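*Asks:* The file below is my_file.csv, CSV, C-alpha atoms:
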chain,number,residue,atom,x,y,z
S,23,MET,CA,-17.6,-205.1,133.2
S,24,ASN,CA,-14.3,-204.3,134.9
S,25,ASP,CA,-11.9,-201.8,133.4
S,26,THR,CA,-9.3,-204.4,132.3
S,27,LEU,CA,-11.9,-206.4,130.3
S,28,LYS,CA,-13.2,-203.2,128.7
S,29,HIS,CA,-9.7,-202.1,127.8
S,30,TRP,CA,-9.0,-205.4,126.0
S,31,MET,CA,-12.3,-205.3,124.2
S,32,ASP,CA,-11.6,-201.8,123.0
S,33,LYS,CA,-8.2,-202.9,121.8
S,34,SER,CA,-9.7,-205.9,120.0
S,35,SER,CA,-12.3,-203.7,118.3
S,36,GLU,CA,-9.6,-201.3,117.2
S,37,LEU,CA,-7.5,-204.1,115.9
S,38,ASN,CA,-10.4,-205.6,113.9
S,39,GLU,CA,-11.1,-202.2,112.4
S,40,ARG,CA,-7.5,-201.8,111.3
S,41,VAL,CA,-7.4,-205.3,109.8
S,42,ALA,CA,-10.5,-204.6,107.8
S,43,ALA,CA,-9.2,-201.2,106.7
S,44,SER,CA,-5.8,-202.8,105.8
S,45,ALA,CA,-7.6,-205.4,103.6
S,46,VAL,CA,-9.5,-202.7,101.7
S,47,ASN,CA,-6.4,-200.5,101.2
S,48,ALA,CA,-4.3,-203.5,100.1
S,49,PHE,CA,-6.9,-204.5,97.5
S,50,ASP,CA,-7.0,-201.0,96.1
S,51,TRP,CA,-3.2,-200.7,96.1
S,52,LEU,CA,-2.9,-204.0,94.2
S,53,PHE,CA,-5.8,-203.7,91.8
S,54,ARG,CA,-7.2,-200.1,91.9
S,55,LYS,CA,-4.1,-198.0,92.4
S,56,GLU,CA,-5.4,-195.2,90.3
S,57,SER,CA,-8.1,-194.6,93.0
S,58,LEU,CA,-5.4,-193.8,95.5
S,59,VAL,CA,-3.5,-191.3,93.4
S,60,LYS,CA,-4.6,-187.8,94.2
S,61,SER,CA,-2.3,-185.6,92.1
S,62,GLY,CA,-3.3,-183.0,89.5
S,63,GLN,CA,-6.8,-182.3,90.9
S,64,THR,CA,-6.7,-178.5,90.9
S,65,PRO,CA,-8.8,-177.1,88.1
S,66,HIS,CA,-6.8,-175.1,85.5
S,67,THR,CA,-7.0,-173.5,82.1
S,68,VAL,CA,-4.4,-174.0,79.4
S,69,ILE,CA,-3.5,-170.5,78.1
S,70,HIS,CA,-0.7,-171.6,75.8
S,71,ALA,CA,-0.1,-174.9,74.0
S,72,GLY,CA,3.3,-175.4,72.3
S,73,ASP,CA,5.5,-178.4,71.5
S,74,PRO,CA,6.2,-179.7,74.0
S,75,MET,CA,5.8,-176.7,76.4
S,76,SER,CA,2.4,-175.4,77.6
S,77,VAL,CA,1.2,-172.9,80.2
S,78,ARG,CA,-1.5,-173.4,82.8
S,79,HIS,CA,-3.5,-170.8,84.8
S,80,TYR,CA,-5.0,-171.7,88.1
S,81,ASP,CA,-8.0,-169.8,89.6
S,82,LEU,CA,-9.9,-171.2,92.6
S,83,ASP,CA,-13.7,-171.2,93.1
S,84,ASP,CA,-13.4,-172.7,96.6
S,85,ALA,CA,-13.9,-170.6,99.7
S,86,GLU,CA,-11.0,-172.4,101.5
S,87,ILE,CA,-8.4,-175.0,100.8
S,88,PRO,CA,-7.1,-177.9,103.0
S,89,LEU,CA,-3.5,-177.8,104.3
S,90,SER,CA,-1.1,-180.5,105.2
S,91,ASP,CA,-1.5,-179.9,109.0
S,92,ASP,CA,-5.3,-180.7,108.8
S,93,THR,CA,-6.3,-177.1,109.0
S,94,VAL,CA,-7.9,-175.0,106.3
S,95,MET,CA,-6.9,-171.6,104.8
S,96,PRO,CA,-9.5,-169.2,103.3
S,97,VAL,CA,-9.0,-168.2,99.7
S,98,ARG,CA,-8.1,-164.6,99.2
S,99,ARG,CA,-10.4,-163.1,96.5
S,100,ARG,CA,-8.5,-159.9,95.9
S,101,LYS,CA,-5.6,-160.6,93.6
S,102,HIS,CA,-2.1,-159.2,93.9
S,103,ALA,CA,-1.0,-157.0,91.0
S,104,ILE,CA,2.0,-159.1,90.0
S,105,PRO,CA,1.3,-162.7,88.6
S,106,LEU,CA,3.4,-165.6,89.9
S,107,VAL,CA,4.8,-168.1,87.4
S,108,LEU,CA,5.9,-171.5,88.9
S,109,VAL,CA,8.7,-173.2,87.0
S,110,PRO,CA,9.2,-176.9,87.7
S,111,PRO,CA,12.4,-178.8,86.7
S,112,LEU,CA,12.7,-181.1,83.7
S,113,GLY,CA,12.3,-184.8,84.1
S,114,VAL,CA,9.2,-184.6,86.2
S,115,THR,CA,5.5,-184.4,85.5
S,116,THR,CA,3.4,-181.3,85.9
S,117,GLU,CA,1.8,-182.7,89.0
S,118,THR,CA,5.1,-181.8,90.8
S,119,PHE,CA,3.4,-178.6,92.1
S,120,ASP,CA,-0.1,-180.1,92.4
S,121,LEU,CA,0.8,-183.3,94.2
S,122,MET,CA,-2.2,-183.7,96.5
S,123,PRO,CA,-5.1,-181.4,97.4
S,124,ASN,CA,-3.6,-180.6,100.8
S,125,ARG,CA,0.0,-180.4,99.5
S,126,SER,CA,-0.5,-178.4,96.3
S,127,LEU,CA,1.8,-175.4,95.6
S,128,VAL,CA,-0.4,-174.1,92.8
S,129,ARG,CA,-3.5,-174.3,95.0
S,130,TYR,CA,-1.7,-172.7,98.0
S,131,MET,CA,-0.4,-169.7,96.0
S,132,ALA,CA,-3.7,-169.2,94.2
S,133,ALA,CA,-5.4,-169.2,97.7
S,134,ARG,CA,-2.8,-166.6,98.9
S,135,GLY,CA,-4.1,-164.2,96.2
S,136,PHE,CA,-1.6,-164.7,93.4
S,137,LYS,CA,-2.6,-164.9,89.8
S,138,THR,CA,-0.9,-168.3,89.5
S,139,TYR,CA,0.6,-169.8,86.4
S,140,LEU,CA,2.5,-173.0,85.8
S,141,ILE,CA,4.9,-173.8,83.0
S,142,CYS,CA,4.4,-177.4,81.9
S,143,TRP,CA,7.5,-178.7,80.0
S,144,GLY,CA,5.5,-181.5,78.4
S,145,THR,CA,6.6,-185.1,77.7
S,146,PRO,CA,9.8,-185.1,75.6
S,147,GLU,CA,9.9,-187.7,72.9
S,148,ARG,CA,12.8,-188.9,70.7
S,149,ARG,CA,12.1,-186.1,68.3
S,150,HIS,CA,12.8,-183.6,71.1
S,151,ALA,CA,16.2,-185.1,71.9
S,152,SER,CA,18.1,-182.1,70.5
S,153,LEU,CA,16.4,-179.5,72.8
S,154,SER,CA,19.1,-177.6,74.7
S,155,MET,CA,19.3,-175.0,77.4
S,156,ARG,CA,18.8,-172.3,74.8
S,157,ASP,CA,15.5,-173.9,73.8
S,158,TYR,CA,14.2,-174.0,77.4
S,159,ALA,CA,15.7,-171.0,79.1
S,160,ASP,CA,15.5,-168.6,76.2
S,161,ARG,CA,12.9,-169.6,73.6
S,162,MET,CA,10.3,-171.6,75.6
S,163,MET,CA,10.7,-169.4,78.8
S,164,GLY,CA,10.2,-166.4,76.6
S,165,GLU,CA,7.1,-167.8,75.0
S,166,ALA,CA,5.6,-168.9,78.3
S,167,LEU,CA,6.2,-165.5,80.0
S,168,ALA,CA,4.7,-163.7,76.9
S,169,ALA,CA,1.6,-165.8,77.2
S,170,VAL,CA,1.3,-165.0,80.9
S,171,ARG,CA,1.6,-161.3,80.3
S,172,ALA,CA,-1.0,-161.5,77.5
S,173,HIS,CA,-3.4,-163.4,79.7
S,174,SER,CA,-2.9,-161.4,82.9
S,175,GLY,CA,-2.5,-158.0,81.4
S,176,ALA,CA,0.5,-157.4,83.6
S,177,ARG,CA,3.8,-156.2,82.3
S,178,GLU,CA,5.8,-157.5,85.3
S,179,LEU,CA,5.7,-161.0,86.9
S,180,SER,CA,7.5,-163.0,89.5
S,181,LEU,CA,9.1,-166.4,89.1
S,182,MET,CA,9.4,-169.4,91.6
S,183,GLY,CA,11.4,-172.4,90.4
S,184,TRP,CA,12.6,-175.6,92.0
S,185,CYS,CA,15.9,-177.3,91.1
S,186,MET,CA,16.4,-176.9,87.3
S,187,GLY,CA,13.3,-174.7,87.3
S,188,GLY,CA,15.2,-172.2,89.3
S,189,LEU,CA,18.2,-172.4,87.0
S,190,LEU,CA,16.0,-171.8,83.9
S,191,SER,CA,14.5,-168.8,85.7
S,192,LEU,CA,17.9,-167.3,86.5
S,193,ILE,CA,19.4,-167.9,83.0
S,194,HIS,CA,16.3,-166.3,81.4
S,195,ALA,CA,16.5,-163.3,83.8
S,196,GLY,CA,20.2,-162.9,82.9
S,197,LEU,CA,19.6,-162.5,79.2
S,198,PRO,CA,20.3,-159.1,77.7
S,199,ASP,CA,16.7,-158.4,76.5
S,200,THR,CA,14.8,-159.8,79.5
S,201,ARG,CA,12.6,-157.2,81.2
S,202,GLY,CA,9.7,-157.2,83.6
S,203,ILE,CA,10.9,-159.7,86.3
S,204,ARG,CA,9.6,-158.3,89.6
S,205,ALA,CA,10.9,-160.9,92.0
S,206,MET,CA,12.4,-164.4,92.0
S,207,VAL,CA,12.4,-167.4,94.3
S,208,THR,CA,14.6,-170.5,93.8
S,209,VAL,CA,14.5,-173.7,95.8
S,210,ALA,CA,17.3,-176.3,95.8
S,211,SER,CA,18.9,-174.9,92.6
S,212,PRO,CA,22.5,-175.9,92.1
S,213,ILE,CA,24.9,-173.1,91.2
S,214,ASP,CA,28.4,-173.9,92.3
S,215,MET,CA,29.4,-177.3,91.0
S,216,ARG,CA,32.4,-177.4,93.3
S,217,GLY,CA,30.3,-177.0,96.4
S,218,GLY,CA,28.7,-179.8,98.4
S,219,GLY,CA,26.1,-182.5,97.7
S,220,LEU,CA,26.0,-185.4,95.2
S,221,ILE,CA,25.6,-183.3,92.1
S,222,ALA,CA,28.7,-181.2,92.9
S,223,GLY,CA,30.5,-184.4,93.9
S,224,VAL,CA,29.8,-186.1,90.6
S,225,SER,CA,30.9,-182.9,88.8
S,226,ARG,CA,34.2,-182.9,90.6
S,227,ILE,CA,34.8,-186.6,89.6
S,228,ILE,CA,34.1,-186.1,85.9
S,229,ASN,CA,35.9,-182.7,85.7
S,230,THR,CA,39.5,-183.9,85.3
S,231,PRO,CA,38.9,-186.7,82.8
S,232,ALA,CA,36.5,-184.5,80.8
S,233,LYS,CA,39.1,-181.8,80.5
S,234,PHE,CA,41.7,-184.4,79.5
S,235,ILE,CA,39.4,-185.7,76.7
S,236,GLY,CA,38.6,-182.2,75.5
S,237,ARG,CA,42.3,-181.2,75.4
S,238,TYR,CA,43.8,-184.3,73.8
S,239,THR,CA,41.0,-185.8,71.6
S,240,ASP,CA,38.5,-184.6,69.0
S,241,PHE,CA,35.5,-186.1,70.9
S,242,ARG,CA,32.7,-183.6,71.6
S,243,LEU,CA,29.3,-184.3,73.1
S,244,ASN,CA,27.6,-181.8,70.8
S,245,ARG,CA,28.8,-183.7,67.7
S,246,LEU,CA,26.8,-186.8,68.7
S,247,ASN,CA,23.3,-187.5,67.3
S,248,PRO,CA,21.0,-186.7,70.2
S,249,GLN,CA,18.2,-189.0,69.0
S,250,ALA,CA,20.5,-192.0,69.0
S,251,PHE,CA,21.0,-191.5,72.8
S,252,HIS,CA,17.5,-190.7,73.8
S,253,ALA,CA,16.6,-192.5,77.0
S,254,PRO,CA,13.1,-193.3,78.3
S,255,GLY,CA,11.6,-191.7,81.4
S,256,TRP,CA,12.2,-194.8,83.6
S,257,VAL,CA,16.0,-194.0,83.3
S,258,THR,CA,15.4,-190.7,85.0
S,259,ALA,CA,13.3,-192.4,87.7
S,260,LEU,CA,15.9,-195.0,88.3
S,261,ALA,CA,18.7,-192.4,88.5
S,262,PHE,CA,16.7,-190.4,91.1
S,263,LYS,CA,16.0,-193.4,93.2
S,264,LEU,CA,19.6,-194.5,93.2
S,265,THR,CA,20.4,-191.3,95.1
S,266,ASP,CA,18.7,-192.8,98.1
S,267,PRO,CA,18.5,-196.6,97.5
S,268,ILE,CA,17.8,-197.5,101.1
S,269,GLY,CA,15.0,-195.0,101.3
S,270,SER,CA,13.5,-196.3,98.1
S,271,VAL,CA,13.2,-199.7,99.8
S,272,THR,CA,12.2,-198.8,103.3
S,273,THR,CA,9.3,-196.7,102.0
S,274,TYR,CA,7.5,-200.0,101.3
S,275,TRP,CA,8.0,-201.1,104.9
S,276,ASP,CA,6.4,-197.8,106.0
S,277,LEU,CA,3.5,-198.6,103.7
S,278,LEU,CA,3.0,-202.1,105.2
S,279,VAL,CA,3.1,-200.7,108.8
S,280,ASN,CA,0.6,-198.0,108.0
S,281,LEU,CA,-1.6,-200.0,105.6
S,282,TRP,CA,-4.6,-199.4,107.8
S,283,ASP,CA,-4.3,-195.6,107.4
S,284,ARG,CA,-6.2,-194.6,104.2
S,285,GLU,CA,-4.6,-191.1,104.2
S,286,PHE,CA,-1.1,-192.5,104.5
S,287,VAL,CA,-1.8,-195.0,101.7
S,288,GLU,CA,-3.1,-192.3,99.4
S,289,SER,CA,-0.1,-190.1,100.1
S,290,HIS,CA,2.4,-193.0,99.6
S,291,SER,CA,0.6,-194.1,96.4
S,292,THR,CA,0.6,-190.6,95.0
S,293,THR,CA,4.3,-190.0,95.7
S,294,SER,CA,5.2,-193.4,94.3
S,295,ASP,CA,3.2,-192.7,91.2
S,296,TYR,CA,5.1,-189.4,90.8
S,297,LEU,CA,8.5,-191.0,91.3
S,298,ASN,CA,7.7,-194.0,89.0
S,299,ASN,CA,6.6,-191.8,86.1
S,300,MET,CA,9.4,-189.4,85.6
S,301,LEU,CA,10.1,-188.1,82.1
S,302,ALA,CA,12.9,-188.3,79.7
S,303,TYR,CA,15.7,-185.7,79.8
S,304,PRO,CA,16.5,-184.3,76.3
S,305,VAL,CA,20.0,-185.3,75.3
S,306,GLY,CA,20.8,-181.7,74.3
S,307,MET,CA,20.0,-180.5,77.8
S,308,VAL,CA,22.2,-183.3,79.3
S,309,GLY,CA,25.1,-182.2,77.1
S,310,ASP,CA,24.7,-178.6,78.3
S,311,VAL,CA,24.5,-179.6,81.9
S,312,LEU,CA,27.6,-181.9,81.7
S,313,THR,CA,29.8,-179.5,79.7
S,314,LYS,CA,28.8,-176.0,80.8
S,315,MET,CA,27.7,-176.7,84.4
S,316,ALA,CA,29.5,-179.8,85.6
S,317,VAL,CA,32.9,-179.3,83.8
S,318,GLN,CA,33.1,-175.6,83.1
S,319,ASN,CA,31.1,-174.5,86.2
S,320,GLN,CA,29.8,-171.5,84.3
S,321,MET,CA,27.0,-170.6,86.7
S,322,ALA,CA,29.4,-170.3,89.6
S,323,GLU,CA,31.0,-167.5,87.6
S,324,GLY,CA,27.7,-165.8,87.2
S,325,ARG,CA,27.1,-166.7,83.5
S,326,PHE,CA,25.8,-169.3,81.1
S,327,VAL,CA,26.7,-169.4,77.4
S,328,LEU,CA,23.7,-170.4,75.3
S,329,SER,CA,25.5,-170.0,72.0
S,330,ARG,CA,28.3,-168.0,70.5
S,331,GLU,CA,26.2,-164.9,70.1
S,332,ARG,CA,24.0,-165.2,73.2
S,333,SER,CA,24.7,-165.7,76.9
S,334,ALA,CA,23.2,-165.0,80.3
S,335,GLU,CA,25.0,-162.8,82.8
S,336,PHE,CA,23.8,-162.9,86.3
S,337,THR,CA,25.0,-159.4,87.1
S,338,ARG,CA,22.0,-158.3,84.9
S,339,ILE,CA,19.6,-159.8,87.5
S,340,THR,CA,18.5,-156.9,89.7
S,341,ALA,CA,15.1,-158.3,90.8
S,342,PRO,CA,14.7,-159.2,94.5
S,343,LEU,CA,15.9,-162.8,95.0
S,344,TYR,CA,14.9,-165.3,97.8
S,345,VAL,CA,16.9,-168.5,97.8
S,346,PHE,CA,16.0,-171.7,99.7
S,347,ALA,CA,18.0,-174.8,100.2
S,348,GLY,CA,17.2,-178.1,101.9
S,349,ALA,CA,18.9,-178.9,105.2
S,350,THR,CA,19.3,-182.6,104.4
S,351,ASP,CA,19.5,-182.3,100.6
S,352,ALA,CA,21.9,-185.0,99.5
S,353,LEU,CA,21.8,-183.7,95.9
S,354,VAL,CA,22.2,-180.0,96.3
S,355,ALA,CA,23.9,-178.9,99.5
S,356,PRO,CA,23.1,-175.4,100.9
S,357,SER,CA,26.5,-174.2,99.9
S,358,THR,CA,25.9,-175.2,96.3
S,359,ALA,CA,22.6,-173.2,96.2
S,360,ALA,CA,23.7,-170.2,98.2
S,361,HIS,CA,26.5,-169.2,95.8
S,362,VAL,CA,24.0,-167.4,93.5
S,363,LEU,CA,23.8,-164.6,96.0
S,364,ASP,CA,27.4,-163.8,95.3
S,365,VAL,CA,27.0,-163.5,91.5
S,366,VAL,CA,23.7,-161.7,90.9
S,367,GLY,CA,23.2,-158.0,90.7
S,368,SER,CA,20.3,-157.9,93.1
S,369,LYS,CA,20.5,-155.8,96.3
S,370,ASP,CA,17.4,-157.3,97.9
S,371,LYS,CA,18.5,-160.9,98.4
S,372,ARG,CA,17.9,-163.5,101.0
S,373,PHE,CA,19.1,-167.1,101.7
S,374,GLU,CA,17.4,-169.6,104.0
S,375,VAL,CA,17.9,-173.2,104.8
S,376,ALA,CA,14.6,-175.1,105.3
S,377,PRO,CA,13.8,-178.6,106.6
S,378,GLY,CA,13.9,-181.5,104.1
S,379,GLY,CA,15.9,-183.1,101.3
S,380,HIS,CA,15.8,-182.4,97.6
S,381,MET,CA,12.1,-183.2,97.3
S,382,GLY,CA,11.0,-182.7,100.9
S,383,VAL,CA,12.1,-179.0,100.9
S,384,ILE,CA,9.5,-178.2,98.2
S,385,LEU,CA,7.0,-181.1,98.4
S,386,GLY,CA,7.2,-182.4,102.0
S,387,SER,CA,4.8,-181.9,104.9
S,388,SER,CA,6.8,-179.1,106.4
S,389,ALA,CA,7.3,-177.2,103.1
S,390,GLN,CA,4.0,-175.3,103.5
S,391,GLY,CA,5.2,-173.5,106.6
S,392,ALA,CA,9.0,-173.4,106.0
S,393,VAL,CA,9.0,-172.5,102.3
S,394,TRP,CA,5.6,-171.8,100.7
S,395,ALA,CA,4.3,-169.5,103.4
S,396,ARG,CA,7.6,-167.6,103.7
S,397,ALA,CA,7.9,-167.3,100.0
S,398,ALA,CA,4.3,-166.1,99.7
S,399,ASP,CA,4.8,-163.5,102.4
S,400,TRP,CA,8.0,-162.3,100.8
S,401,LEU,CA,6.5,-162.2,97.3
S,402,GLN,CA,3.3,-160.4,98.6
S,403,ALA,CA,5.4,-157.6,100.0
S,404,ARG,CA,6.9,-157.2,96.5
S,405,SER,CA,3.7,-157.7,94.4
S,406,GLY,CA,2.2,-154.3,94.7
S,407,THR,CA,2.6,-151.3,92.5
S,408,ARG,CA,6.1,-150.7,93.7
S,409,ALA,CA,8.7,-153.2,95.0
S,410,PRO,CA,10.5,-152.4,98.2
S,411,VAL,CA,14.3,-152.7,98.5
S,412,ALA,CA,15.6,-154.5,101.5
S,413,ALA,CA,19.1,-155.1,102.7
S,414,ARG,CA,20.8,-158.4,101.9
S,415,SER,CA,20.3,-161.0,104.6
S,416,ARG,CA,21.3,-164.6,105.2
S,417,THR,CA,19.3,-166.6,107.7
S,418,ARG,CA,19.2,-170.3,108.6
S,419,SER,CA,16.1,-172.1,109.8
S,420,VAL,CA,16.0,-175.9,110.3
Starting from the file, lay out its structure as structure tokens.
*Replies:*
Amino acid sequence: MNDTLKHWMDKSSELNERVAASAVNAFDWLFRKESLVKSGQTPHTVIHAGDPMSVRHYDLDDAEIPLSDDTVMPVRRRKHAIPLVLVPPLGVTTETFDLMPNRSLVRYMAARGFKTYLICWGTPERRHASLSMRDYADRMMGEALAAVRAHSGARELSLMGWCMGGLLSLIHAGLPDTRGIRAMVTVASPIDMRGGGLIAGVSRIINTPAKFIGRYTDFRLNRLNPQAFHAPGWVTALAFKLTDPIGSVTTYWDLLVNLWDREFVESHSTTSDYLNNMLAYPVGMVGDVLTKMAVQNQMAEGRFVLSRERSAEFTRITAPLYVFAGATDALVAPSTAAHVLDVVGSKDKRFEVAPGGHMGVILGSSAQGAVWARAADWLQARSGTRAPVAARSRTRSV
């Protein structure tokens, strides 16, 4: 058999295998999609169950875990002294930080030796429509952190939050009676609503008409009946997809081209399931975000007013702070996230731009090395019996 004939026979065999694999994957995608979704597979224990918030604890029995680059990482058995609490944003499922076995933030941090906890905000229903920033950042965050302290036996803990999860962490840390925050990490959390990115752009657009309405009319958002304006979760999913309409369509072309690749199909199906099953945003929270963040831009001034008698002041935050932003984040530009360094009281603070958009920076294939590993190294150095104090630094890595 000559080399040319052998080459074409090998190609033909490879093509036949791909066609067969594509047929199997297409059948599963059409009729057995649940078999392709790999999110939420890390074992956990619920240590606190509220309404709608709960808290999960993750502890691994495995000797090693898979990583996104097809390598494995051994599980550290000796735990760090300071527990780590992961704080997801609202509007998404708990699987945000446990997306796939090889792309699971909870699994990664547990393997790095952290006593890992996750706040689950639950599934808001119409009866939860009046929940506001005070409910989440003050009451529920307080309940969650108290449960973590009771379960872990630790007086201090560290927080790591993405997007709104980072804002909730900052607001809670800025309350007058908050104690015991050892260190904080925020990822793609919008602070300055006059900065860059889509969120800041929309805020600038509504700012002038909102102020006009507030000055010359009696209309106030907080006077409306929240339950009457409750929107289902698919509204959140649609709004997120509209931030990148072209990408939302071309992703299905990527699926078709790679239909033979089981791993790609599982990854695509898991991510699509996550994006298609976002959760409702309580109307009370929407009102606070629109009035106090978008219009009044309170967080850029280093404060957030929860009520007449209670507010968060970011100058009270003295814990070490590590801030990440996505290099191609269309929603929260790096300048919008970086402003927090100018308003907190922390001396040990660091800002870094990492690869990825708003989701990719925390959930993408490069997030493990660019964000997770660096955050874990930084937290580990601050998770012993005494926390070091470092000089403020700003770095950029893309």
*Asks:* Please, what distance in Å, to one decimal, runs between CA of Leu297 (chain S) and CA of Thr116 (chain S)?
*Replies:* 12.2 Å
*Asks:* Can you tell me which residues surround region 277-288 of chain S at a distance of at most 9 Å, considering all atoms listed in the file, apart from same-chain residues fewer than 4 positions away, and format the answer as a ChimeraX atom specification?
*Replies:* /S:39-48,51,57-60,272-273,292-293
*Asks:* Find the residue from S:Pro146, S:Ser294, S:Asp199, S:Met300 that sits nearest to Gly113 (chain S); use only C-alpha atoms when measuring.
*Replies:*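 Selected residue with least distance to Gly113 (chain S): S:Met300.
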*Asks:* Report the closest atom pair, with its distance in Å rounded to one decimal, for each residue of region 322-347 of chain S that has an atom no farther than 9 Å from region 383-403 of chain S; count all atoms listed in the file, sort by chain and then rising residue number, and write it as a Markdown table.
*Replies:*
| residue | atom | partner | partner_atom | distance |
| --- | --- | --- | --- | --- |
| S:Tyr344 | CA | S:Ala397 | CA | 7.6 |
| S:Phe346 | CA | S:Val393 | CA | 7.5 |
| S:Ala347 | CA | S:Val383 | CA | 7.3 |
*Asks:* Only C-alpha atoms, please: the residues just picked out, written as an mmCIF file, in the coordinates of the input.
*Replies:*
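Final output, saved to result_33.cif:
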data_model
loop_
_atom_site.group_PDB
_atom_site.id
_atom_site.type_symbol
_atom_site.label_atom_id
_atom_site.label_comp_id
_atom_site.auth_asym_id
_atom_site.auth_seq_id
_atom_site.Cartn_x
_atom_site.Cartn_y
_atom_site.Cartn_z
ATOM 1 C CA TYR S 344 14.900 -165.300 97.800
ATOM 2 C CA PHE S 346 16.000 -171.700 99.700
ATOM 3 C CA ALA S 347 18.000 -174.800 100.200
#
*Asks:* Excluding Val209 (chain S) and any residue of its chain fewer than 5 positions from it, enumerate the residues within 10 Å of it, using only C-alpha atoms, and give them as a count of residues only.
*Replies:* 24
*Asks:* Which is closest to Arg99 (chain S) among S:Arg201, S:His173, S:Arg125, S:Lys137, if we use all atoms listed in the file?
*Replies:*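 Distance minimum relative to Arg99 (chain S) lands on S:Lys137.
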*Asks:* Using all atoms listed in the file, which protein or nucleic acid residues come within 10 Å of region 77-85 of chain S? Drop anything in the same chain fewer than 3 positions from it, and give the result as an mmCIF file with C-alpha atoms, in the frame of the given file.
*Replies:*
data_model
loop_
_atom_site.group_PDB
_atom_site.id
_atom_site.type_symbol
_atom_site.label_atom_id
_atom_site.label_comp_id
_atom_site.auth_asym_id
_atom_site.auth_seq_id
_atom_site.Cartn_x
_atom_site.Cartn_y
_atom_site.Cartn_z
ATOM 1 C CA THR S 64 -6.700 -178.500 90.900
ATOM 2 C CA PRO S 65 -8.800 -177.100 88.100
ATOM 3 C CA HIS S 66 -6.800 -175.100 85.500
ATOM 4 C CA THR S 67 -7.000 -173.500 82.100
ATOM 5 C CA VAL S 68 -4.400 -174.000 79.400
ATOM 6 C CA ILE S 69 -3.500 -170.500 78.100
ATOM 7 C CA HIS S 70 -0.700 -171.600 75.800
ATOM 8 C CA ALA S 71 -0.100 -174.900 74.000
ATOM 9 C CA GLY S 72 3.300 -175.400 72.300
ATOM 10 C CA VAL S 94 -7.900 -175.000 106.300
ATOM 11 C CA MET S 95 -6.900 -171.600 104.800
ATOM 12 C CA PRO S 96 -9.500 -169.200 103.300
ATOM 13 C CA VAL S 97 -9.000 -168.200 99.700
ATOM 14 C CA ARG S 98 -8.100 -164.600 99.200
ATOM 15 C CA ARG S 99 -10.400 -163.100 96.500
ATOM 16 C CA VAL S 107 4.800 -168.100 87.400
ATOM 17 C CA LEU S 108 5.900 -171.500 88.900
ATOM 18 C CA THR S 116 3.400 -181.300 85.900
ATOM 19 C CA VAL S 128 -0.400 -174.100 92.800
ATOM 20 C CA ARG S 129 -3.500 -174.300 95.000
ATOM 21 C CA TYR S 130 -1.700 -172.700 98.000
ATOM 22 C CA MET S 131 -0.400 -169.700 96.000
ATOM 23 C CA ALA S 132 -3.700 -169.200 94.200
ATOM 24 C CA ALA S 133 -5.400 -169.200 97.700
ATOM 25 C CA GLY S 135 -4.100 -164.200 96.200
ATOM 26 C CA PHE S 136 -1.600 -164.700 93.400
ATOM 27 C CA LYS S 137 -2.600 -164.900 89.800
ATOM 28 C CA THR S 138 -0.900 -168.300 89.500
ATOM 29 C CA TYR S 139 0.600 -169.800 86.400
ATOM 30 C CA LEU S 140 2.500 -173.000 85.800
ATOM 31 C CA ILE S 141 4.900 -173.800 83.000
ATOM 32 C CA CYS S 142 4.400 -177.400 81.900
ATOM 33 C CA TRP S 143 7.500 -178.700 80.000
ATOM 34 C CA GLY S 144 5.500 -181.500 78.400
ATOM 35 C CA GLU S 165 7.100 -167.800 75.000
ATOM 36 C CA ALA S 166 5.600 -168.900 78.300
ATOM 37 C CA LEU S 167 6.200 -165.500 80.000
ATOM 38 C CA ALA S 169 1.600 -165.800 77.200
ATOM 39 C CA VAL S 170 1.300 -165.000 80.900
ATOM 40 C CA HIS S 173 -3.400 -163.400 79.700
ATOM 41 C CA SER S 174 -2.900 -161.400 82.900
#
*Asks:* How would region 333-340 of chain S look with N, CA and C atoms restored, written as a tab-separated table (two decimals), keeping the file's coordinate frame?
*Replies:*
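Below is the file that was written, rebuild.tsv:
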chain	number	residue	atom	x	y	z
S	333	SER	N	24.37	-165.13	75.57
S	333	SER	CA	24.70	-165.70	76.90
S	333	SER	C	23.95	-164.91	77.96
S	334	ALA	N	23.79	-165.57	79.11
S	334	ALA	CA	23.20	-165.00	80.30
S	334	ALA	C	24.24	-164.49	81.24
S	335	GLU	N	24.10	-163.29	81.76
S	335	GLU	CA	25.00	-162.80	82.80
S	335	GLU	C	24.20	-162.45	84.01
S	336	PHE	N	24.56	-163.07	85.13
S	336	PHE	CA	23.80	-162.90	86.30
S	336	PHE	C	23.87	-161.53	86.96
S	337	THR	N	24.89	-160.77	86.59
S	337	THR	CA	25.00	-159.40	87.10
S	337	THR	C	23.83	-158.55	86.54
S	338	ARG	N	23.20	-159.01	85.45
S	338	ARG	CA	22.00	-158.30	84.90
S	338	ARG	C	20.80	-158.48	85.75
S	339	ILE	N	20.81	-159.48	86.62
S	339	ILE	CA	19.60	-159.80	87.50
S	339	ILE	C	19.62	-158.80	88.63
S	340	THR	N	18.66	-157.90	88.63
S	340	THR	CA	18.50	-156.90	89.70
S	340	THR	C	17.24	-157.10	90.50
